[in-house]
Structure formats: C-alpha cells, structure tokens
file final38.cif (mmCIF, N, CA and C atoms)
data_run
#
loop_
_atom_site.label_atom_id
_atom_site.label_comp_id
_atom_site.auth_asym_id
_atom_site.auth_seq_id
_atom_site.Cartn_x
_atom_site.Cartn_y
_atom_site.Cartn_z
N MET A 1 55.16 -47.03 -60.90
CA MET A 1 53.74 -47.25 -60.95
C MET A 1 53.40 -47.96 -62.26
N ASP A 2 52.56 -48.97 -62.14
CA ASP A 2 52.07 -49.68 -63.31
C ASP A 2 50.56 -49.50 -63.39
N ILE A 3 50.04 -49.50 -64.61
CA ILE A 3 48.61 -49.36 -64.84
C ILE A 3 48.16 -50.50 -65.74
N VAL A 4 47.07 -51.16 -65.34
CA VAL A 4 46.43 -52.17 -66.19
C VAL A 4 44.97 -51.81 -66.31
N LYS A 5 44.33 -52.32 -67.34
CA LYS A 5 42.89 -52.09 -67.49
C LYS A 5 42.14 -53.29 -66.93
N SER A 6 41.13 -52.99 -66.14
CA SER A 6 40.28 -54.03 -65.59
C SER A 6 39.42 -54.63 -66.71
N LYS A 7 38.69 -55.68 -66.40
CA LYS A 7 37.80 -56.30 -67.38
C LYS A 7 36.76 -55.31 -67.89
N ASN A 8 36.46 -54.29 -67.10
CA ASN A 8 35.49 -53.27 -67.49
C ASN A 8 36.15 -52.11 -68.25
N GLY A 9 37.44 -52.23 -68.55
CA GLY A 9 38.14 -51.21 -69.30
C GLY A 9 38.55 -49.99 -68.49
N VAL A 10 38.54 -50.11 -67.18
CA VAL A 10 38.91 -48.99 -66.31
C VAL A 10 40.38 -49.12 -65.93
N PRO A 11 41.18 -48.06 -66.10
CA PRO A 11 42.59 -48.12 -65.71
C PRO A 11 42.73 -48.26 -64.19
N ILE A 12 43.53 -49.22 -63.77
CA ILE A 12 43.79 -49.46 -62.35
C ILE A 12 45.28 -49.27 -62.11
N ARG A 13 45.61 -48.37 -61.20
CA ARG A 13 47.02 -48.07 -60.89
C ARG A 13 47.49 -48.87 -59.68
N LEU A 14 48.71 -49.36 -59.77
CA LEU A 14 49.37 -49.97 -58.62
C LEU A 14 50.62 -49.13 -58.37
N THR A 15 50.50 -48.20 -57.43
CA THR A 15 51.60 -47.30 -57.12
C THR A 15 52.59 -47.99 -56.18
N GLU A 16 53.78 -47.44 -56.11
CA GLU A 16 54.79 -47.97 -55.21
C GLU A 16 54.30 -47.90 -53.76
N GLU A 17 53.65 -46.81 -53.41
CA GLU A 17 53.13 -46.64 -52.04
C GLU A 17 52.12 -47.74 -51.71
N ARG A 18 51.21 -48.06 -52.65
CA ARG A 18 50.21 -49.11 -52.41
C ARG A 18 50.88 -50.47 -52.32
N TRP A 19 51.88 -50.71 -53.19
CA TRP A 19 52.56 -52.00 -53.17
C TRP A 19 53.28 -52.19 -51.84
N ILE A 20 53.92 -51.16 -51.34
CA ILE A 20 54.59 -51.24 -50.02
C ILE A 20 53.56 -51.53 -48.94
N HIS A 21 52.43 -50.84 -48.99
CA HIS A 21 51.36 -51.09 -48.01
C HIS A 21 50.90 -52.55 -48.07
N ILE A 22 50.68 -53.06 -49.28
CA ILE A 22 50.23 -54.45 -49.44
C ILE A 22 51.23 -55.42 -48.86
N THR A 23 52.50 -55.26 -49.21
CA THR A 23 53.51 -56.23 -48.78
C THR A 23 53.86 -56.09 -47.31
N GLU A 24 53.65 -54.91 -46.72
CA GLU A 24 53.86 -54.79 -45.28
C GLU A 24 52.77 -55.52 -44.51
N GLU A 25 51.56 -55.46 -45.01
CA GLU A 25 50.43 -56.13 -44.35
C GLU A 25 50.33 -57.61 -44.72
N HIS A 26 50.82 -57.96 -45.90
CA HIS A 26 50.73 -59.34 -46.42
C HIS A 26 52.08 -59.72 -47.01
N SER A 27 53.03 -60.01 -46.17
CA SER A 27 54.41 -60.28 -46.62
C SER A 27 54.49 -61.45 -47.60
N GLU A 28 53.54 -62.36 -47.56
CA GLU A 28 53.54 -63.50 -48.48
C GLU A 28 53.32 -63.08 -49.92
N MET A 29 52.88 -61.82 -50.15
CA MET A 29 52.63 -61.32 -51.49
C MET A 29 53.86 -60.69 -52.15
N ALA A 30 54.96 -60.57 -51.43
CA ALA A 30 56.13 -59.82 -51.88
C ALA A 30 56.61 -60.21 -53.28
N GLY A 31 56.56 -61.44 -53.65
CA GLY A 31 57.06 -61.87 -54.96
C GLY A 31 56.00 -61.95 -56.04
N TYR A 32 54.83 -61.40 -55.79
CA TYR A 32 53.70 -61.58 -56.71
C TYR A 32 53.21 -60.27 -57.35
N TYR A 33 54.08 -59.32 -57.54
CA TYR A 33 53.69 -58.02 -58.10
C TYR A 33 52.99 -58.18 -59.45
N PHE A 34 53.62 -58.86 -60.38
CA PHE A 34 53.05 -58.99 -61.73
C PHE A 34 51.81 -59.88 -61.73
N GLU A 35 51.74 -60.84 -60.83
CA GLU A 35 50.55 -61.68 -60.72
C GLU A 35 49.36 -60.87 -60.22
N VAL A 36 49.61 -59.90 -59.33
CA VAL A 36 48.53 -59.03 -58.86
C VAL A 36 47.98 -58.22 -60.04
N LEU A 37 48.87 -57.64 -60.82
CA LEU A 37 48.43 -56.88 -62.00
C LEU A 37 47.66 -57.76 -62.98
N GLU A 38 48.16 -58.95 -63.22
CA GLU A 38 47.50 -59.88 -64.15
C GLU A 38 46.13 -60.31 -63.62
N THR A 39 45.99 -60.42 -62.32
CA THR A 39 44.71 -60.79 -61.73
C THR A 39 43.67 -59.72 -61.98
N VAL A 40 44.06 -58.46 -61.89
CA VAL A 40 43.13 -57.36 -62.21
C VAL A 40 42.78 -57.38 -63.69
N LYS A 41 43.78 -57.61 -64.52
CA LYS A 41 43.60 -57.59 -65.98
C LYS A 41 42.80 -58.78 -66.49
N GLU A 42 43.11 -59.98 -65.99
CA GLU A 42 42.49 -61.22 -66.49
C GLU A 42 42.07 -62.13 -65.33
N PRO A 43 41.08 -61.72 -64.54
CA PRO A 43 40.65 -62.57 -63.43
C PRO A 43 39.82 -63.76 -63.90
N GLU A 44 39.79 -64.78 -63.08
CA GLU A 44 38.89 -65.91 -63.36
C GLU A 44 37.48 -65.58 -62.88
N ALA A 45 37.39 -64.73 -61.86
CA ALA A 45 36.10 -64.31 -61.32
C ALA A 45 36.26 -62.92 -60.71
N ILE A 46 35.17 -62.15 -60.75
CA ILE A 46 35.13 -60.85 -60.11
C ILE A 46 33.86 -60.81 -59.25
N TYR A 47 34.03 -60.39 -58.00
CA TYR A 47 32.92 -60.26 -57.08
C TYR A 47 32.81 -58.80 -56.65
N GLU A 48 31.62 -58.38 -56.25
CA GLU A 48 31.44 -57.03 -55.75
C GLU A 48 31.51 -57.06 -54.22
N GLY A 49 32.33 -56.18 -53.66
CA GLY A 49 32.44 -56.09 -52.21
C GLY A 49 31.30 -55.28 -51.62
N LYS A 50 31.22 -55.26 -50.32
CA LYS A 50 30.14 -54.56 -49.61
C LYS A 50 30.20 -53.05 -49.78
N MET A 51 31.37 -52.49 -50.07
CA MET A 51 31.53 -51.05 -50.19
C MET A 51 31.74 -50.62 -51.65
N GLY A 52 31.35 -51.48 -52.60
CA GLY A 52 31.45 -51.15 -54.01
C GLY A 52 32.78 -51.50 -54.65
N GLU A 53 33.69 -52.06 -53.89
CA GLU A 53 34.98 -52.46 -54.44
C GLU A 53 34.84 -53.73 -55.27
N CYS A 54 35.81 -53.95 -56.13
CA CYS A 54 35.86 -55.18 -56.93
C CYS A 54 36.84 -56.14 -56.28
N ILE A 55 36.51 -57.42 -56.33
CA ILE A 55 37.37 -58.46 -55.77
C ILE A 55 37.65 -59.45 -56.89
N ALA A 56 38.88 -59.39 -57.40
CA ALA A 56 39.29 -60.25 -58.52
C ALA A 56 40.03 -61.47 -57.98
N VAL A 57 39.75 -62.62 -58.57
CA VAL A 57 40.34 -63.89 -58.12
C VAL A 57 40.93 -64.61 -59.33
N ARG A 58 42.12 -65.18 -59.12
CA ARG A 58 42.77 -65.96 -60.19
C ARG A 58 43.65 -67.03 -59.55
N GLU A 59 43.58 -68.23 -60.09
CA GLU A 59 44.44 -69.33 -59.63
C GLU A 59 45.81 -69.17 -60.29
N ILE A 60 46.88 -69.13 -59.47
CA ILE A 60 48.22 -68.95 -60.02
C ILE A 60 48.99 -70.25 -60.10
N GLU A 61 48.57 -71.23 -59.34
CA GLU A 61 49.07 -72.60 -59.45
C GLU A 61 48.05 -73.49 -58.79
N LYS A 62 48.14 -74.76 -58.98
CA LYS A 62 47.14 -75.71 -58.50
C LYS A 62 46.83 -75.46 -57.02
N GLY A 63 45.60 -75.03 -56.75
CA GLY A 63 45.15 -74.82 -55.38
C GLY A 63 45.64 -73.54 -54.72
N LYS A 64 46.31 -72.66 -55.47
CA LYS A 64 46.84 -71.41 -54.91
C LYS A 64 46.24 -70.24 -55.68
N TYR A 65 45.55 -69.36 -54.97
CA TYR A 65 44.83 -68.27 -55.59
C TYR A 65 45.36 -66.92 -55.13
N ILE A 66 45.21 -65.93 -55.99
CA ILE A 66 45.46 -64.54 -55.61
C ILE A 66 44.11 -63.84 -55.62
N VAL A 67 43.88 -63.06 -54.58
CA VAL A 67 42.67 -62.26 -54.46
C VAL A 67 43.11 -60.80 -54.39
N VAL A 68 42.59 -59.98 -55.29
CA VAL A 68 42.97 -58.57 -55.37
C VAL A 68 41.73 -57.72 -55.20
N VAL A 69 41.80 -56.78 -54.27
CA VAL A 69 40.70 -55.85 -54.02
C VAL A 69 41.09 -54.50 -54.63
N TYR A 70 40.20 -53.93 -55.43
CA TYR A 70 40.49 -52.64 -56.06
C TYR A 70 39.18 -51.90 -56.32
N ARG A 71 39.31 -50.61 -56.64
CA ARG A 71 38.16 -49.77 -56.97
C ARG A 71 38.27 -49.27 -58.40
N GLU A 72 37.14 -49.27 -59.08
CA GLU A 72 37.07 -48.70 -60.42
C GLU A 72 36.47 -47.30 -60.28
N LEU A 73 37.30 -46.28 -60.54
CA LEU A 73 36.83 -44.91 -60.34
C LEU A 73 36.37 -44.25 -61.63
N LYS A 74 37.24 -44.24 -62.65
CA LYS A 74 36.93 -43.55 -63.90
C LYS A 74 37.43 -44.37 -65.09
N LYS A 75 36.71 -44.28 -66.18
CA LYS A 75 37.16 -44.98 -67.40
C LYS A 75 38.31 -44.26 -68.07
N ILE A 76 38.51 -42.99 -67.73
CA ILE A 76 39.61 -42.21 -68.31
C ILE A 76 40.65 -41.97 -67.23
N ASP A 77 41.89 -42.30 -67.53
CA ASP A 77 42.99 -42.10 -66.60
C ASP A 77 43.54 -40.69 -66.79
N LEU A 78 43.27 -39.82 -65.83
CA LEU A 78 43.67 -38.42 -65.95
C LEU A 78 45.10 -38.20 -65.50
#
call {"tool": "encode", "arguments": {"input": "final38.cif", "output": "structure tokens"}}
result
Amino acid sequence: MDIVKSKNGVPIRLTEERWIHITEEHSEMAGYYFEVLETVKEPEAIYEGKMGECIAVREIEKGKYIVVVYRELKKIDL
C-alpha cells in the first residue's frame, strides 16, 4: 500500500486490493501505478464528481492523460 497527499493535504491510500480492482477493470492501466499516485499528488486539474469524489487529471505524454477518481475522507490518516 502506498499513500500520497492530495493537493488538499488529505492522505490518499492506494491499496493492493484497489490496484487489482483498477487493473482488472482497466487493463491498460497496469503499467501506470506510480503515475496514478503522482496524478493524485500533482494533478494538472481537479474536478468534483457528482457524488463528492475528486477527479484528478494529468497529461503523462503528449495527448495522453491519466484520470484518477478518489475520495478525500480525513486530513489525518488513522
């Protein structure tokens, strides 16, 4: 499990279980683990989803973007 802080300073965890879920549903993401974490940490843009989730976007190469959906629950990681 890796933890990064979002732009709002909230710790965001990427557990092995979540990563497996992501790559099973989106196999094209399999080689982008660290890019996903970096997108949460340093996005180019953040949008608010309809259910309160955050949607972080970052260009990883010319014309290729990563979009990461996550929730900010607590500023303190318990």
call {"tool": "closest_residue", "arguments": {"input": "final38.cif", "among": "A:Glu38, A:Val67, A:Tyr33, A:Glu72", "to": "Glu53 of chain A", "atoms": "all atoms listed in the file"}}
result
A:Glu72
call {"tool": "resolve_selection", "arguments": {"input": "final38.cif", "expression": "the PyMOL selection byres ((chain A and resi 70) around 6)", "output": "PDB file with N, CA and C atoms, keeping the file's coordinate frame"}}
result
ATOM      1  N   GLU A  53      33.690 -52.060 -53.890  1.00  0.00           N
ATOM      2  CA  GLU A  53      34.980 -52.460 -54.440  1.00  0.00           C
ATOM      3  C   GLU A  53      34.840 -53.730 -55.270  1.00  0.00           C
ATOM      4  N   CYS A  54      35.810 -53.950 -56.130  1.00  0.00           N
ATOM      5  CA  CYS A  54      35.860 -55.180 -56.930  1.00  0.00           C
ATOM      6  C   CYS A  54      36.840 -56.140 -56.280  1.00  0.00           C
ATOM      7  N   ILE A  55      36.510 -57.420 -56.330  1.00  0.00           N
ATOM      8  CA  ILE A  55      37.370 -58.460 -55.770  1.00  0.00           C
ATOM      9  C   ILE A  55      37.650 -59.450 -56.890  1.00  0.00           C
ATOM     10  N   ALA A  56      38.880 -59.390 -57.400  1.00  0.00           N
ATOM     11  CA  ALA A  56      39.290 -60.250 -58.520  1.00  0.00           C
ATOM     12  C   ALA A  56      40.030 -61.470 -57.980  1.00  0.00           C
ATOM     13  N   VAL A  68      42.590 -59.980 -55.290  1.00  0.00           N
ATOM     14  CA  VAL A  68      42.970 -58.570 -55.370  1.00  0.00           C
ATOM     15  C   VAL A  68      41.730 -57.720 -55.200  1.00  0.00           C
ATOM     16  N   VAL A  69      41.800 -56.780 -54.270  1.00  0.00           N
ATOM     17  CA  VAL A  69      40.700 -55.850 -54.020  1.00  0.00           C
ATOM     18  C   VAL A  69      41.090 -54.500 -54.630  1.00  0.00           C
ATOM     19  N   ARG A  71      39.310 -50.610 -56.640  1.00  0.00           N
ATOM     20  CA  ARG A  71      38.160 -49.770 -56.970  1.00  0.00           C
ATOM     21  C   ARG A  71      38.270 -49.270 -58.400  1.00  0.00           C
ATOM     22  N   GLU A  72      37.140 -49.270 -59.080  1.00  0.00           N
ATOM     23  CA  GLU A  72      37.070 -48.700 -60.420  1.00  0.00           C
ATOM     24  C   GLU A  72      36.470 -47.300 -60.280  1.00  0.00           C
TER      25      GLU A  72
END
call {"tool": "residues_around", "arguments": {"input": "final38.cif", "residues": "Glu16 of chain A", "least_positions_apart": "5", "cutoff": "6.5 Å", "atoms": "all atoms listed in the file", "output": "list of chain:residue names"}}
result
A:Met1, A:Asp2, A:His21
call {"tool": "write_last_selection", "arguments": {"input": "final38.cif", "atoms": "N, CA and C atoms", "output": "CSV table (one decimal), keeping the file's coordinate frame"}}
result
chain,number,residue,atom,x,y,z
A,1,MET,N,55.2,-47.0,-60.9
A,1,MET,CA,53.7,-47.2,-61.0
A,1,MET,C,53.4,-48.0,-62.3
A,2,ASP,N,52.6,-49.0,-62.1
A,2,ASP,CA,52.1,-49.7,-63.3
A,2,ASP,C,50.6,-49.5,-63.4
A,21,HIS,N,52.4,-50.8,-49.0
A,21,HIS,CA,51.4,-51.1,-48.0
A,21,HIS,C,50.9,-52.6,-48.1
call {"tool": "closest_residue", "arguments": {"input": "final38.cif", "among": "A:Glu24, A:Glu44, A:Glu17, A:Glu35", "to": "Val57 of chain A", "atoms": "all atoms listed in the file"}}
result
A:Glu44
call {"tool": "residues_around", "arguments": {"input": "final38.cif", "residues": "Val40 of chain A", "least_positions_apart": "5", "cutoff": "8 Å", "atoms": "only C-alpha atoms", "output": "number ranges by chain"}}
result
A: 4-7, 12, 56, 68
call {"tool": "select_by_dssp", "arguments": {"input": "final38.cif", "residues": "segment 19-57 of chain A", "states": "strand (DSSP E or B)", "output": "ChimeraX atom specification"}}
result
/A:45-48,54-57
call {"tool": "atom_distance", "arguments": {"input": "final38.cif", "atom1": "atom CA of Trp19 of chain A", "atom2": "atom C of Glu61 of chain A"}}
result
22.7 Å
call {"tool": "atom_distance", "arguments": {"input": "final38.cif", "atom1": "atom N of Val36 of chain A", "atom2": "atom C of Ile66 of chain A"}}
result
7.7 Å
call {"tool": "atom_distance", "arguments": {"input": "final38.cif", "atom1": "atom C of Arg13 of chain A", "atom2": "atom CA of Tyr32 of chain A"}}
result
14.5 Å
call {"tool": "decode", "arguments": {"input": "final38.cif", "residues": "segment 14-33 of chain A", "atoms": "N, CA and C atoms", "output": "PDB file, in the first residue's frame"}}
result
ATOM      1  N   LEU A  14      -3.555   3.903  -1.812  1.00  0.00           N
ATOM      2  CA  LEU A  14      -3.770   3.006  -2.948  1.00  0.00           C
ATOM      3  C   LEU A  14      -3.351   1.621  -2.464  1.00  0.00           C
ATOM      4  N   THR A  15      -4.344   0.841  -2.056  1.00  0.00           N
ATOM      5  CA  THR A  15      -4.084  -0.494  -1.535  1.00  0.00           C
ATOM      6  C   THR A  15      -3.903  -1.483  -2.682  1.00  0.00           C
ATOM      7  N   GLU A  16      -3.317  -2.613  -2.365  1.00  0.00           N
ATOM      8  CA  GLU A  16      -3.143  -3.662  -3.367  1.00  0.00           C
ATOM      9  C   GLU A  16      -4.499  -4.117  -3.906  1.00  0.00           C
ATOM     10  N   GLU A  17      -5.475  -4.242  -3.022  1.00  0.00           N
ATOM     11  CA  GLU A  17      -6.820  -4.666  -3.436  1.00  0.00           C
ATOM     12  C   GLU A  17      -7.420  -3.680  -4.431  1.00  0.00           C
ATOM     13  N   ARG A  18      -7.275  -2.366  -4.182  1.00  0.00           N
ATOM     14  CA  ARG A  18      -7.806  -1.354  -5.102  1.00  0.00           C
ATOM     15  C   ARG A  18      -7.060  -1.378  -6.428  1.00  0.00           C
ATOM     16  N   TRP A  19      -5.729  -1.557  -6.360  1.00  0.00           N
ATOM     17  CA  TRP A  19      -4.945  -1.586  -7.590  1.00  0.00           C
ATOM     18  C   TRP A  19      -5.348  -2.781  -8.451  1.00  0.00           C
ATOM     19  N   ILE A  20      -5.562  -3.919  -7.838  1.00  0.00           N
ATOM     20  CA  ILE A  20      -6.023  -5.112  -8.581  1.00  0.00           C
ATOM     21  C   ILE A  20      -7.377  -4.831  -9.213  1.00  0.00           C
ATOM     22  N   HIS A  21      -8.276  -4.228  -8.449  1.00  0.00           N
ATOM     23  CA  HIS A  21      -9.597  -3.872  -8.987  1.00  0.00           C
ATOM     24  C   HIS A  21      -9.464  -2.939 -10.199  1.00  0.00           C
ATOM     25  N   ILE A  22      -8.621  -1.921 -10.069  1.00  0.00           N
ATOM     26  CA  ILE A  22      -8.425  -0.962 -11.167  1.00  0.00           C
ATOM     27  C   ILE A  22      -7.904  -1.663 -12.410  1.00  0.00           C
ATOM     28  N   THR A  23      -6.868  -2.471 -12.253  1.00  0.00           N
ATOM     29  CA  THR A  23      -6.242  -3.087 -13.427  1.00  0.00           C
ATOM     30  C   THR A  23      -7.084  -4.216 -14.016  1.00  0.00           C
ATOM     31  N   GLU A  24      -7.952  -4.828 -13.216  1.00  0.00           N
ATOM     32  CA  GLU A  24      -8.868  -5.823 -13.785  1.00  0.00           C
ATOM     33  C   GLU A  24      -9.920  -5.153 -14.656  1.00  0.00           C
ATOM     34  N   GLU A  25     -10.386  -3.997 -14.230  1.00  0.00           N
ATOM     35  CA  GLU A  25     -11.407  -3.267 -14.988  1.00  0.00           C
ATOM     36  C   GLU A  25     -10.807  -2.424 -16.117  1.00  0.00           C
ATOM     37  N   HIS A  26      -9.556  -2.010 -15.948  1.00  0.00           N
ATOM     38  CA  HIS A  26      -8.881  -1.133 -16.923  1.00  0.00           C
ATOM     39  C   HIS A  26      -7.468  -1.670 -17.149  1.00  0.00           C
ATOM     40  N   SER A  27      -7.355  -2.730 -17.897  1.00  0.00           N
ATOM     41  CA  SER A  27      -6.060  -3.404 -18.089  1.00  0.00           C
ATOM     42  C   SER A  27      -4.997  -2.484 -18.692  1.00  0.00           C
ATOM     43  N   GLU A  28      -5.409  -1.451 -19.401  1.00  0.00           N
ATOM     44  CA  GLU A  28      -4.447  -0.515 -19.997  1.00  0.00           C
ATOM     45  C   GLU A  28      -3.694   0.282 -18.937  1.00  0.00           C
ATOM     46  N   MET A  29      -4.165   0.255 -17.678  1.00  0.00           N
ATOM     47  CA  MET A  29      -3.527   0.992 -16.588  1.00  0.00           C
ATOM     48  C   MET A  29      -2.427   0.202 -15.884  1.00  0.00           C
ATOM     49  N   ALA A  30      -2.245  -1.069 -16.234  1.00  0.00           N
ATOM     50  CA  ALA A  30      -1.359  -1.976 -15.500  1.00  0.00           C
ATOM     51  C   ALA A  30       0.044  -1.413 -15.267  1.00  0.00           C
ATOM     52  N   GLY A  31       0.605  -0.704 -16.176  1.00  0.00           N
ATOM     53  CA  GLY A  31       1.968  -0.196 -16.023  1.00  0.00           C
ATOM     54  C   GLY A  31       2.057   1.217 -15.477  1.00  0.00           C
ATOM     55  N   TYR A  32       0.958   1.743 -14.972  1.00  0.00           N
ATOM     56  CA  TYR A  32       0.915   3.155 -14.578  1.00  0.00           C
ATOM     57  C   TYR A  32       0.686   3.378 -13.079  1.00  0.00           C
ATOM     58  N   TYR A  33       1.123   2.465 -12.251  1.00  0.00           N
ATOM     59  CA  TYR A  33       0.913   2.569 -10.801  1.00  0.00           C
ATOM     60  C   TYR A  33       1.442   3.894 -10.247  1.00  0.00           C
TER      61      TYR A  33
END
